[in-house]
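Structure file query_25.cif; described as mmCIF, C-alpha atoms.
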```
data_work
#
loop_
_atom_site.label_atom_id
_atom_site.label_comp_id
_atom_site.auth_asym_id
_atom_site.auth_seq_id
_atom_site.Cartn_x
_atom_site.Cartn_y
_atom_site.Cartn_z
CA MET A 1 -29.67 -21.24 -19.68
CA SER A 2 -26.42 -22.46 -18.11
CA LYS A 3 -25.12 -20.55 -15.13
CA PHE A 4 -21.42 -20.29 -14.49
CA ILE A 5 -20.39 -20.61 -10.85
CA LYS A 6 -17.27 -18.73 -9.81
CA GLY A 7 -15.96 -20.04 -6.54
CA MET A 8 -13.04 -19.93 -4.15
CA ASP A 9 -12.06 -22.16 -1.24
CA LEU A 10 -11.84 -20.18 2.00
CA SER A 11 -11.60 -23.12 4.40
CA THR A 12 -8.51 -21.62 6.07
CA LEU A 13 -10.06 -18.15 6.51
CA LEU A 14 -10.35 -18.14 10.30
CA GLU A 15 -7.06 -19.95 10.86
CA LEU A 16 -5.24 -17.38 8.73
CA GLU A 17 -6.81 -14.62 10.81
CA ARG A 18 -5.74 -16.38 14.02
CA CYS A 19 -2.21 -16.60 12.62
CA GLY A 20 -2.16 -12.85 12.04
CA ALA A 21 -2.93 -12.58 8.33
CA LYS A 22 -3.90 -9.02 7.41
CA TYR A 23 -5.78 -7.88 4.32
CA TYR A 24 -5.76 -4.32 3.04
CA GLU A 25 -9.43 -4.76 2.20
CA ASP A 26 -11.99 -7.16 3.63
CA ILE A 27 -11.28 -10.56 2.06
CA LEU A 28 -14.95 -11.11 1.20
CA ASP A 29 -15.12 -7.72 -0.50
CA ILE A 30 -12.12 -8.77 -2.57
CA MET A 31 -14.01 -11.93 -3.57
CA LYS A 32 -17.06 -9.90 -4.61
CA GLU A 33 -14.95 -7.49 -6.65
CA HIS A 34 -13.76 -10.49 -8.65
CA ASP A 35 -17.30 -11.81 -9.22
CA VAL A 36 -17.00 -14.79 -6.86
CA ASP A 37 -20.44 -16.08 -5.88
CA THR A 38 -19.70 -19.38 -4.10
CA ILE A 39 -17.32 -20.31 -1.28
CA ARG A 40 -16.14 -23.90 -0.96
CA LEU A 41 -15.76 -25.18 2.60
CA ARG A 42 -14.41 -28.59 3.58
CA LEU A 43 -15.60 -30.57 6.57
CA TRP A 44 -13.30 -33.02 8.33
CA ASN A 45 -14.61 -35.43 10.95
CA ASP A 46 -12.18 -34.80 13.83
CA PRO A 47 -9.09 -32.85 12.74
CA LYS A 48 -7.27 -33.22 16.05
CA SER A 49 -4.78 -35.69 17.48
CA GLU A 50 -5.67 -38.17 20.22
CA GLU A 51 -4.33 -35.53 22.63
CA GLY A 52 -6.68 -32.89 21.22
CA GLU A 53 -4.08 -30.91 19.27
CA PRO A 54 -5.40 -29.49 15.96
CA TYR A 55 -3.78 -30.83 12.80
CA GLY A 56 -3.94 -27.34 11.30
CA ALA A 57 -4.65 -26.45 7.65
CA GLY A 58 -7.89 -24.81 8.73
CA ASN A 59 -8.95 -27.16 11.54
CA ASN A 60 -12.18 -27.64 9.61
CA ASP A 61 -14.43 -29.43 12.06
CA LEU A 62 -18.15 -28.73 12.32
CA ALA A 63 -17.76 -25.62 14.50
CA GLU A 64 -15.16 -24.05 12.20
CA THR A 65 -17.19 -24.85 9.09
CA ILE A 66 -20.33 -23.32 10.57
CA ALA A 67 -18.44 -20.21 11.68
CA ILE A 68 -16.99 -19.58 8.21
CA GLY A 69 -20.26 -20.61 6.55
CA LYS A 70 -22.28 -18.08 8.54
CA LYS A 71 -19.73 -15.35 7.79
CA VAL A 72 -19.80 -15.89 4.03
CA THR A 73 -23.58 -16.43 3.97
CA ALA A 74 -24.07 -13.07 5.68
CA ALA A 75 -21.90 -11.54 2.95
CA GLY A 76 -24.19 -12.96 0.26
CA PHE A 77 -22.27 -16.02 -0.95
CA GLY A 78 -23.48 -19.55 -1.55
CA VAL A 79 -21.55 -22.43 0.01
CA LEU A 80 -20.23 -25.58 -1.65
CA LEU A 81 -19.95 -27.96 1.30
CA ASN A 82 -17.27 -30.65 0.88
CA PHE A 83 -17.49 -33.77 3.05
CA HIS A 84 -14.06 -35.48 3.17
CA TYR A 85 -15.08 -38.43 5.43
CA SER A 86 -11.62 -38.28 6.98
CA ASP A 87 -9.99 -36.45 9.87
CA PHE A 88 -7.65 -34.61 7.49
CA TRP A 89 -6.92 -34.28 3.77
CA ALA A 90 -8.50 -36.97 1.59
CA ASP A 91 -7.09 -37.29 -1.92
CA PRO A 92 -6.04 -40.01 -4.40
CA GLY A 93 -2.93 -40.78 -2.35
CA LYS A 94 -4.70 -41.13 0.99
CA GLN A 95 -8.29 -41.78 2.01
CA ILE A 96 -7.80 -42.50 5.69
CA LYS A 97 -10.80 -43.45 7.76
CA PRO A 98 -11.65 -41.15 10.68
CA LYS A 99 -10.22 -42.28 14.00
CA ALA A 100 -13.70 -43.01 15.31
CA TRP A 101 -14.36 -45.34 12.36
CA LYS A 102 -10.98 -47.08 12.12
CA ASP A 103 -12.28 -50.51 13.18
CA PHE A 104 -15.55 -50.35 11.25
CA GLY A 105 -16.44 -52.89 8.58
CA VAL A 106 -18.37 -52.15 5.39
CA ASP A 107 -21.86 -52.06 6.87
CA GLU A 108 -20.76 -49.92 9.81
CA LEU A 109 -18.94 -47.51 7.50
CA GLU A 110 -22.00 -47.18 5.28
CA GLN A 111 -24.15 -46.33 8.30
CA ALA A 112 -21.50 -43.98 9.70
CA VAL A 113 -21.34 -42.01 6.45
CA TYR A 114 -25.11 -41.67 6.45
CA ASP A 115 -25.34 -40.63 10.10
CA PHE A 116 -22.40 -38.20 9.93
CA THR A 117 -23.73 -36.55 6.78
CA LEU A 118 -27.29 -36.30 8.07
CA GLU A 119 -26.32 -34.90 11.46
CA ASN A 120 -23.75 -32.39 10.27
CA LEU A 121 -25.64 -31.14 7.22
CA THR A 122 -28.72 -30.64 9.39
CA LYS A 123 -26.72 -28.60 11.92
CA ILE A 124 -25.03 -26.53 9.21
CA ILE A 125 -28.32 -25.63 7.55
CA GLU A 126 -30.05 -24.98 10.87
CA ALA A 127 -27.21 -22.57 11.69
CA GLY A 128 -28.25 -20.53 8.67
CA VAL A 129 -25.48 -21.47 6.25
CA ASN A 130 -26.60 -21.08 2.62
CA VAL A 131 -25.54 -24.48 1.24
CA THR A 132 -26.01 -24.35 -2.53
CA MET A 133 -24.13 -27.52 -3.51
CA ILE A 134 -22.71 -30.55 -1.69
CA GLN A 135 -19.58 -32.48 -2.61
CA VAL A 136 -19.84 -36.06 -1.31
CA GLY A 137 -16.20 -37.05 -0.85
CA ASN A 138 -13.01 -35.45 -2.12
CA GLU A 139 -10.93 -36.58 -5.12
CA LEU A 140 -12.45 -40.06 -5.16
CA SER A 141 -10.38 -41.36 -8.10
CA ASN A 142 -9.01 -44.19 -5.94
CA GLY A 143 -12.06 -44.50 -3.74
CA LEU A 144 -12.66 -43.50 -0.11
CA LEU A 145 -12.51 -44.99 3.39
CA TRP A 146 -9.61 -47.33 2.63
CA PRO A 147 -9.11 -50.23 2.51
CA GLU A 148 -12.78 -51.20 2.25
CA GLY A 149 -13.59 -48.50 -0.29
CA LYS A 150 -10.45 -48.59 -2.40
CA VAL A 151 -10.54 -49.00 -6.20
CA PRO A 152 -11.37 -51.48 -7.72
CA ASN A 153 -13.96 -52.26 -5.02
CA TYR A 154 -16.67 -50.21 -6.70
CA ASP A 155 -19.44 -52.02 -4.81
CA ASN A 156 -18.22 -50.57 -1.52
CA ILE A 157 -17.33 -47.21 -3.04
CA ALA A 158 -20.90 -46.91 -4.27
CA LYS A 159 -22.31 -47.97 -0.90
CA PHE A 160 -20.39 -45.25 0.89
CA VAL A 161 -21.05 -42.47 -1.63
CA ASN A 162 -24.72 -43.50 -1.90
CA ALA A 163 -25.06 -43.27 1.88
CA GLY A 164 -23.82 -39.70 1.75
CA ILE A 165 -26.13 -38.81 -1.12
CA ARG A 166 -29.17 -40.34 0.59
CA ALA A 167 -28.47 -38.38 3.75
CA CYS A 168 -28.16 -35.13 1.77
CA ARG A 169 -31.46 -35.82 0.01
CA LYS A 170 -33.09 -36.54 3.37
CA VAL A 171 -32.05 -33.14 4.71
CA ASN A 172 -32.83 -31.16 1.54
CA ALA A 173 -33.52 -32.93 -1.73
CA ASP A 174 -33.19 -29.70 -3.72
CA ILE A 175 -29.49 -29.10 -3.03
CA PRO A 176 -27.48 -30.45 -5.99
CA ILE A 177 -24.86 -33.13 -5.42
CA MET A 178 -21.34 -33.21 -6.87
CA ILE A 179 -19.10 -36.28 -7.17
CA HIS A 180 -15.49 -35.22 -7.43
CA LEU A 181 -12.35 -36.90 -8.83
CA ASP A 182 -8.85 -35.62 -9.54
CA ASN A 183 -6.70 -35.88 -12.69
CA GLY A 184 -9.10 -33.83 -14.78
CA GLY A 185 -7.41 -34.53 -18.11
CA ASN A 186 -7.70 -38.33 -17.80
CA ASN A 187 -10.69 -39.35 -19.91
CA GLU A 188 -10.15 -43.08 -19.31
CA LEU A 189 -10.31 -42.59 -15.54
CA TYR A 190 -13.60 -40.70 -15.71
CA VAL A 191 -15.26 -43.12 -18.12
CA ARG A 192 -14.20 -46.12 -16.01
CA TRP A 193 -15.05 -44.59 -12.63
CA PHE A 194 -18.42 -43.17 -13.55
CA THR A 195 -19.45 -46.21 -15.59
CA ASN A 196 -18.87 -48.30 -12.48
CA PHE A 197 -20.58 -45.83 -10.17
CA ILE A 198 -23.63 -45.16 -12.31
CA GLU A 199 -24.33 -48.91 -12.50
CA ARG A 200 -24.52 -48.96 -8.69
CA GLY A 201 -25.13 -45.41 -7.61
CA GLU A 202 -27.72 -42.88 -6.59
CA GLU A 203 -28.47 -39.98 -8.91
CA PHE A 204 -26.30 -36.87 -8.71
CA GLU A 205 -26.17 -33.56 -10.59
CA TYR A 206 -22.53 -32.60 -11.15
CA ILE A 207 -19.15 -34.14 -11.91
CA GLY A 208 -16.38 -32.14 -10.27
CA LEU A 209 -12.73 -32.51 -11.19
CA SER A 210 -9.42 -31.29 -9.89
CA TYR A 211 -7.07 -30.33 -12.69
CA TYR A 212 -3.49 -29.32 -11.93
CA PRO A 213 -1.60 -29.01 -15.24
CA PHE A 214 1.80 -29.43 -13.56
CA TRP A 215 0.70 -32.84 -12.25
CA HIS A 216 -1.96 -33.96 -14.72
CA GLY A 217 -0.58 -32.82 -18.04
CA SER A 218 -2.61 -31.59 -20.98
CA LEU A 219 -6.38 -31.76 -21.26
#
```
Starting from the file, give its structure as structure tokens.
Amino acid sequence: MSKFIKGMDLSTLLELERCGAKYYEDILDIMKEHDVDTIRLRLWNDPKSEEGEPYGAGNNDLAETIAIGKKVTAAGFGVLLNFHYSDFWADPGKQIKPKAWKDFGVDELEQAVYDFTLENLTKIIEAGVNVTMIQVGNELSNGLLWPEGKVPNYDNIAKFVNAGIRACRKVNADIPIMIHLDNGGNNELYVRWFTNFIERGEEFEYIGLSYYPFWHGSL
């Protein structure tokens, strides 16, 4: 029987608290009262400038992700872990390679994705975070790790996403994998993208989509 997952993204939880946000009830209790069972957390590679200043928007490096993950796990939630493979927001308009990978070619990027995913997922799970699903990349409609992994270079896109999937399976083969695009009402995009990926790609369990009616129009 199908199970509905009701989730919220709380990646900025600790930053909001540091900025003085106050809730009239514990935020996680509010989530439970509205039947939320899964918390989505993003992971950026190095969300700080060369001078070490945080970019903000949650500052979601490994330490921050583990801290929030442990907090929500203790409260009884599952965690959808979202690898961006970027130092900051990755979306259809920008898929910027992490600073540490900026000079890498295709083979080096493939290995870097594998190593980063393996190392960080291992640490997150060892910290006791209840990872119940993994999103390999974020809004991959136009690819990832540009320019090498930009549409229409589906060979490289598949190499990079496959590296992430293989690393996830190595850590825990039972955690389901999501591949995530944007523009959820665009059937042509999904047919084209997933036709190309499935010809080249590892197996995965879920298709995730972002759908913003004010940008994407009608379903």
Picked residues, the PyMOL selection byres ((chain A and resi 60-71) around 6), expected as a list in words: Leu43, Trp44, Gly58, Asn59, Val72, Thr73, Ala74, Ile124 and Val129 of chain A
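Separating CA of Thr132 in chain A from CA of Ile30 in chain A is a distance of 20.9 Å.
Taking CA of Val131 in chain A and CA of Met8 in chain A as endpoints, the distance between them is 14.4 Å.
For the set A:Ala158, A:Ile96, A:Val151, A:Ile39, the residue with the smallest atom-to-atom gap to Glu110 in chain A is A:Ala158, counting only C-alpha atoms.
The two atoms in question, CA of Pro213 in chain A and CA of Asn142 in chain A, are spaced 19.3 Å apart.
Closest approach to Gln135 in chain A among A:Thr117, A:Ser49, A:Asn183, A:Ser11 is made by A:Thr117 (distances from all atoms listed in the file).
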Hits of the PyMOL selection byres ((chain A and resi 190) around 12) in this structure, as a count of residues only: 27
Selection result of the PyMOL selection byres ((chain A and resi 114) around 10) on this file, as a PyMOL selection string: chain A and resi 108-113+115-119+160-168+170
Gly143 in chain A environment, 8 Å, all atoms listed in the file, sequence neighbours closer than 3 positions dropped, as a ChimeraX atom specification: /A:92,95,140,146,149-151,154,157
Box dimensions and centre (Å, one decimal) enclosing range 212-215 of chain A, axis-aligned, 6 Å extra per side, as lines of an AutoDock Vina configuration file:
```
center_x = -0.8
center_y = -30.9
center_z = -13.6
size_x = 17.3
size_y = 15.8
size_z = 15.3
```
Selection: 10 Å around Gly76 in chain A, all atoms listed in the file, excl. self and same-chain fewer than 5 positions, as a list in words: Leu28, Lys32, Asp37, Thr38, Lys70, Lys71 and Asn130 of chain A
A:Ala90, A:Val106, A:Ile27, A:Ile177 ranked by distance to Asn45 in chain A, top pick (using all atoms listed in the file): A:Ala90
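Closest to Pro147 in chain A among A:Ala57, A:His84, A:Lys94, A:Asp35 is A:Lys94, based on all atoms listed in the file.
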